[in-house]
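So the structure is just underneath, and the comments pick up after that.
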Amino acid sequence: MLPPMPGSGLAHSTVSPVSHDLPRALSPGSLVKSSRARYLFAVIALAGLYWGAAELGYAIEFSGPVAAIVWLPVGVGITFLYLGGMSLWPGVVIGDLLANDYNTLPLGSALGQTVGNTLEVVVATLLMHRLVRRGSPLNSISGLAGMLIAIAVGTAVSATVGALSLQLGDVIPLSAAASTWRTWWLGDASGALIIVPLAIAWHRPPPREWWTGRRLELTLMLIAVAGLSELGLRTEQPLSYLVFPALIWAALRFGQRGATLAIAVATGFTVWETTHYVGPFVYDSITRSVLVTQLFIAVSAISTLCLAVVVSEREAFAEGLRASRARIVEAADTERRRLEHNLHDGAQQRLTALTVRLGLATERVLEHPEIARYVLADAEGELAIAIDELRDLAHGIHPTLLTQTGLANAIRDLAERSAVPVRLIQLPPTRVDDAAEATAYYVVAESLANAQKYSRASRVDIRAALTPGLLHILVADDGIGGADESAGTGLQGLRDRVEAIGGSFGVESSASAGTRIAAVIPATRLLS
């Protein structure tokens, strides 16, 4: 039997930032004391939950006769640091020192495990912050992939340091190092796969509408997960995968929250039955039992999370599409009113006045034919002004240069008229369909206008590259950054315009690297 193997794991407790809207009676000293008190409470809570999760594993033999099938504390540590801040790492150290079994481990091996388990949590959390730049890891496939990579790398650190500590302390022979490392790594990774997504999905209570009309279905889903898990694990027959339809139900109907809850229930049944020598994962070899159980937990968790994330992406896309359509309708209505206003106050008024003047002039010409040429010349001038106003109005709707000569020349014209120096890195060698060219033109024009107004840039780079079926647009400046789609700078309108024809749009903006606006637009190359 392998010794219990501490790892890292659950819980959410954030150290709230100090509010700037505090009563005047609170002095700076009291604010510091309050912040310190919250920090100490969070560290103590982390240490207590970490230790409690370890003791739970020992008590119900998650880390008993068949070694560390699932090490829950890893999820506690990662979640606390990810949601509450990296400064809470002392709680992991304290919790792990309390969780060590000093009766069965040499002091050096126990301390080595603590070092490895602390590094595990810190490395995994740092990688999650690095790989999941925006939003929750459960909101996108890329976010989920980043979380899985972070967990895999972090738990590998603990497994390496821990196995080495056990070997140096003569707890395990060299021949058992590989199997110990594998068991340790999969046990910690399984614990993180259960706790971290569960805590991230539930650290904020779901909105009231999430529960509306779904309580009965949620109850039935959890009963199905529990029932099918028990049915599949109460026999030595290969029926353990009967739980998958219920897990799919949870992911499809209840998204992240339902999926993570179902995974926790199914994993609980799996580990309980296996540690009590019941079910299809029990073999004469303890190592084999542990491996098969851990792989089942990992496969079921990752599969269910992937499906839940795909559902979340589709729901977010649908919501974004609804909002985009509403904004497009509103923008179209606003533009229609602008055109009506411009036509009414400009060319229409001038043409109406010209009509009246020509009618009056007709009567005068009949009486005084010699003034006809003066009347006609005056009418010609008024008509020319009206034509110029209509031309300017039409130019605002769609640039003439773009229509006549194509995107490359239109971008060159924008660059020549720019107040900020522009470097044209690449332009499309041929023309593409009108929709793609118009969309690309407005992306470049709006991005360049924003750079001139807000970025304080010394240079703007523009790249328009054509690949089979796609037009890639990049506008990058070396300014102060700070571009925000919600700030009313027109970026949200660009996103709507690009996504309306099936493209993708992204903005990266920071003080150190300026602003990069990229769009990928479906395009059909025109034959020259």
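Going by the structure tokens order, chains are called A, B, ..., each with residues numbered from 1, while ligands are numbered from 1 in the order shown.
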
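Around Thr274 in chain A, within 8 Å and counting only C-alpha atoms, the residues found are A:Gly279, A:Phe281, A:Val282, A:Ser289, A:Thr293, once anything fewer than 5 positions away on its own chain is removed.
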
Spatial neighbours of Val498 in chain A, max dist 12 Å, only C-alpha atoms, sep filter under 6 positions, as a ChimeraX atom specification: /A:321,324,328,435-444,471-473,491-492,504-506,518-523

Store the residues of this selection in a file with N, CA, C and O atoms, as a tab-separated table (two decimals), in the first residue's frame.
chain	number	residue	atom	x	y	z
A	321	LEU	N	-25.44	37.38	-30.45
A	321	LEU	CA	-26.09	37.59	-31.74
A	321	LEU	C	-27.38	38.37	-31.57
A	321	LEU	O	-27.67	39.29	-32.36
A	324	SER	N	-26.38	41.87	-30.82
A	324	SER	CA	-25.83	42.48	-32.03
A	324	SER	C	-26.94	42.87	-33.00
A	324	SER	O	-26.91	43.97	-33.58
A	328	ILE	N	-27.71	46.52	-34.37
A	328	ILE	CA	-27.72	46.81	-35.82
A	328	ILE	C	-29.03	47.47	-36.22
A	328	ILE	O	-29.05	48.43	-37.00
A	435	ALA	N	-19.08	43.11	-49.97
A	435	ALA	CA	-19.36	43.08	-48.53
A	435	ALA	C	-18.06	43.00	-47.74
A	435	ALA	O	-17.89	43.70	-46.72
A	436	ALA	N	-17.13	42.16	-48.19
A	436	ALA	CA	-15.86	42.02	-47.49
A	436	ALA	C	-15.05	43.30	-47.57
A	436	ALA	O	-14.46	43.76	-46.58
A	437	GLU	N	-15.01	43.93	-48.75
A	437	GLU	CA	-14.24	45.16	-48.90
A	437	GLU	C	-14.82	46.29	-48.06
A	437	GLU	O	-14.07	47.02	-47.40
A	438	ALA	N	-16.13	46.42	-48.07
A	438	ALA	CA	-16.75	47.49	-47.28
A	438	ALA	C	-16.51	47.28	-45.79
A	438	ALA	O	-16.17	48.22	-45.06
A	439	THR	N	-16.67	46.03	-45.32
A	439	THR	CA	-16.45	45.75	-43.90
A	439	THR	C	-15.00	46.02	-43.52
A	439	THR	O	-14.72	46.66	-42.49
A	440	ALA	N	-14.06	45.55	-44.33
A	440	ALA	CA	-12.64	45.77	-44.05
A	440	ALA	C	-12.30	47.27	-44.05
A	440	ALA	O	-11.54	47.75	-43.19
A	441	TYR	N	-12.88	48.00	-44.99
A	441	TYR	CA	-12.61	49.44	-45.08
A	441	TYR	C	-13.03	50.15	-43.80
A	441	TYR	O	-12.28	50.96	-43.24
A	442	TYR	N	-14.23	49.83	-43.31
A	442	TYR	CA	-14.71	50.52	-42.12
A	442	TYR	C	-13.95	50.10	-40.87
A	442	TYR	O	-13.79	50.89	-39.93
A	443	VAL	N	-13.46	48.85	-40.84
A	443	VAL	CA	-12.60	48.44	-39.72
A	443	VAL	C	-11.33	49.29	-39.69
A	443	VAL	O	-10.93	49.81	-38.64
A	444	VAL	N	-10.71	49.43	-40.86
A	444	VAL	CA	-9.48	50.23	-40.94
A	444	VAL	C	-9.78	51.70	-40.63
A	444	VAL	O	-9.06	52.35	-39.86
A	471	LEU	N	-10.15	37.36	-45.44
A	471	LEU	CA	-9.42	38.62	-45.49
A	471	LEU	C	-9.03	38.99	-44.07
A	471	LEU	O	-9.89	39.17	-43.20
A	472	HIS	N	-7.72	39.09	-43.80
A	472	HIS	CA	-7.21	39.35	-42.46
A	472	HIS	C	-6.82	40.83	-42.35
A	472	HIS	O	-5.99	41.31	-43.12
A	473	ILE	N	-7.42	41.53	-41.38
A	473	ILE	CA	-7.15	42.94	-41.18
A	473	ILE	C	-6.50	43.12	-39.81
A	473	ILE	O	-6.99	42.59	-38.81
A	491	LEU	N	-15.99	50.62	-31.50
A	491	LEU	CA	-15.46	49.26	-31.63
A	491	LEU	C	-16.58	48.22	-31.58
A	491	LEU	O	-16.53	47.21	-32.26
A	492	GLN	N	-17.59	48.48	-30.76
A	492	GLN	CA	-18.70	47.54	-30.69
A	492	GLN	C	-19.45	47.49	-32.01
A	492	GLN	O	-19.87	46.42	-32.48
A	504	SER	N	-14.77	37.31	-37.49
A	504	SER	CA	-14.41	37.42	-36.08
A	504	SER	C	-13.64	38.71	-35.86
A	504	SER	O	-12.95	39.21	-36.76
A	505	PHE	N	-13.76	39.25	-34.65
A	505	PHE	CA	-13.20	40.56	-34.34
A	505	PHE	C	-12.59	40.52	-32.95
A	505	PHE	O	-13.16	39.91	-32.04
A	506	GLY	N	-11.42	41.13	-32.77
A	506	GLY	CA	-10.77	41.13	-31.47
A	506	GLY	C	-10.00	42.41	-31.23
A	506	GLY	O	-9.51	43.05	-32.17
A	518	ALA	N	-7.91	43.46	-34.67
A	518	ALA	CA	-7.80	42.44	-35.71
A	518	ALA	C	-9.19	41.95	-36.11
A	518	ALA	O	-10.08	41.83	-35.27
A	519	ALA	N	-9.34	41.70	-37.39
A	519	ALA	CA	-10.60	41.16	-37.91
A	519	ALA	C	-10.28	40.12	-38.96
A	519	ALA	O	-9.36	40.29	-39.76
A	520	VAL	N	-11.05	39.05	-38.95
A	520	VAL	CA	-10.96	38.01	-39.98
A	520	VAL	C	-12.32	37.97	-40.67
A	520	VAL	O	-13.33	37.68	-40.04
A	521	ILE	N	-12.33	38.29	-41.97
A	521	ILE	CA	-13.57	38.50	-42.70
A	521	ILE	C	-13.68	37.49	-43.83
A	521	ILE	O	-12.75	37.35	-44.64
A	522	PRO	N	-14.80	36.76	-43.92
A	522	PRO	CA	-14.99	35.87	-45.08
A	522	PRO	C	-14.98	36.69	-46.37
A	522	PRO	O	-15.62	37.73	-46.46
A	523	ALA	N	-14.21	36.22	-47.35
A	523	ALA	CA	-14.07	37.00	-48.59
A	523	ALA	C	-13.96	36.07	-49.78
A	523	ALA	O	-13.35	35.01	-49.71

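Interatomic distance, CA of Thr405 in chain A against CA of Pro429 in chain A: 12.0 Å.
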
Excluding Val76 in chain A and residues on its chain fewer than 2 positions from it, collect all residues at most 12 Å away from it, counting only C-alpha atoms, and give them as a PyMOL selection string. chain A and resi 7-13+43+45-54+71-74+78-84+88-89+91-92+95-96+117-118+120-121+125+188+191-200

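Candidate residues A:Val475, A:Leu242, A:Cys306, A:Ala42 were compared for distance to Ala445 in chain A, and the nearest is A:Val475, using only C-alpha atoms.
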
For the alpha helix (DSSP H) assignment from backbone DSSP, which residues of range 187-254 of chain A qualify? Please present them as a PyMOL selection string. chain A and resi 187-202+208-211+215-233+244-254

Using only C-alpha atoms, which of the listed residues (A:Pro205, A:Gly255, A:Pro173, A:Gly112) sits closest to Asn139 in chain A? A:Gly255
